[in-house]
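A short write-up of the structure that comes next.
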Amino acid sequence: MIYPFMTLNDNTEIVHSEMNKEGKVKVLIETPDEKLGFKKAACILPDFVWMDISGYSESELDYLKELVDSEQHLILEFSQTGGFDNASGF
C-alpha cells in the first residue's frame with residue numbers, strides 16, 4: 001500500500017509504502033516538470049539509501065534529502081499505522 005505524506009508548494013508529492021517485514025519503508029518523490037514530465041527519486045528508510053533519481057539538480061536533491069531525513073521518524077511511524085490520514089485521525 002502507498003500512502004500520501006506531503007505536498008510541497010511546487011507540487012512535489014511525497015508518498016511512502018507500508019513498512020515491510022524487514023522494517024523498510026520506500027519513500028517516493030515526484031515533482032511535475034514541463035520538460036521531463038516528472039522529476040523522480042526514491043529512498044529506502046531507515047537505511048537512507050537513495051535510488052532511481054531522475055531530473056533533480058544536486059541542490060534540489062540535497063533539499064529533499066534533508067526534508068526526508070527530518071521527517072523520517074513520522075514516515076516510519078505512519079508506515080505502521082495506515083498513513084498520515086489514519087494516524088492523524090482524519
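If you're wondering about the labels, chains in the C-alpha cells are A, B, ... by order shown, residues count from 1 in each chain, ligands from 1 in order shown.
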Nearby residues (only C-alpha atoms) at most 6 Å from range 16-24 of chain A, same-chain spacing under 5 positions excluded, as number ranges by chain: A: 1-3, 45, 79-80
When you look at range 46-52 of chain A with a cut-off of 12 Å (counting only C-alpha atoms), what residues show up, excluding the ones that are within fewer than 6 positions of it in the same chain? I need them as a PyMOL selection string. chain A and resi 19-20+22-30+39-40+61-62+64-77+79
Those same residues - C-alpha atoms - I'd like them written as a compact mmCIF listing (two decimals), in the first residue's frame.
```txt
# COMPACT_ATOMS: atom_id res chain seq x y z
CA MET A 19 6.68 -0.93 6.47
CA ASN A 20 7.72 -4.37 5.21
CA GLU A 22 12.31 -6.25 7.38
CA GLY A 23 11.35 -2.84 8.78
CA LYS A 24 11.98 -0.99 5.50
CA VAL A 25 9.84 1.78 4.02
CA LYS A 26 10.10 3.13 0.47
CA VAL A 27 9.63 6.88 0.04
CA LEU A 28 8.74 8.08 -3.47
CA ILE A 29 9.08 11.70 -4.57
CA GLU A 30 7.76 13.26 -7.79
CA LYS A 39 11.38 14.59 -11.71
CA LYS A 40 11.61 11.45 -9.57
CA LEU A 61 18.23 16.61 -4.17
CA ASP A 62 20.12 17.96 -1.15
CA LEU A 64 14.84 16.60 -0.47
CA LYS A 65 17.39 14.53 1.45
CA GLU A 66 17.29 17.00 4.35
CA LEU A 67 13.50 17.02 4.28
CA VAL A 68 13.14 13.24 4.28
CA ASP A 69 15.77 12.92 7.00
CA SER A 70 13.96 15.45 9.21
CA GLU A 71 10.59 13.72 8.69
CA GLN A 72 11.91 10.15 8.82
CA HIS A 73 10.51 9.47 12.29
CA LEU A 74 7.00 10.41 11.16
CA ILE A 75 7.20 8.46 7.91
CA LEU A 76 8.34 5.34 9.79
CA GLU A 77 5.53 5.77 12.33
CA SER A 79 4.03 3.45 7.64
```
Grab the CA of Ile53 in chain A to CA of Gly37 in chain A distance for me, in Å with one decimal place. 13.9 Å
As a count of residues only, please: all residues of chain A that backbone DSSP puts in strand (DSSP E or B). 35
Mind listing the helix (DSSP H, G or I) residues of chain A, per DSSP on the backbone, as number ranges by chain? A: 58-78, 83-87
Could those selected residues go to a file with C-alpha atoms, as a compact mmCIF listing (two decimals), in the first residue's frame?
```
# COMPACT_ATOMS: atom_id res chain seq x y z
CA GLU A 58 22.19 18.47 -6.84
CA SER A 59 20.79 21.33 -4.74
CA GLU A 60 17.19 20.11 -5.19
CA LEU A 61 18.23 16.61 -4.17
CA ASP A 62 20.12 17.96 -1.15
CA TYR A 63 16.94 19.76 -0.04
CA LEU A 64 14.84 16.60 -0.47
CA LYS A 65 17.39 14.53 1.45
CA GLU A 66 17.29 17.00 4.35
CA LEU A 67 13.50 17.02 4.28
CA VAL A 68 13.14 13.24 4.28
CA ASP A 69 15.77 12.92 7.00
CA SER A 70 13.96 15.45 9.21
CA GLU A 71 10.59 13.72 8.69
CA GLN A 72 11.91 10.15 8.82
CA HIS A 73 10.51 9.47 12.29
CA LEU A 74 7.00 10.41 11.16
CA ILE A 75 7.20 8.46 7.91
CA LEU A 76 8.34 5.34 9.79
CA GLU A 77 5.53 5.77 12.33
CA PHE A 78 2.84 6.41 9.72
CA GLY A 83 -0.52 6.53 6.67
CA PHE A 84 -0.90 10.16 7.77
CA ASP A 85 -4.67 10.31 7.36
CA ASN A 86 -5.24 7.35 9.67
CA ALA A 87 -2.58 8.40 12.19
```
Have a look at CA of Asn11 in chain A and CA of Ile44 in chain A and let me know their distance in Å, one decimal.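 About the pair CA of Asn11 in chain A and CA of Ile44 in chain A: they are 21.7 Å apart.
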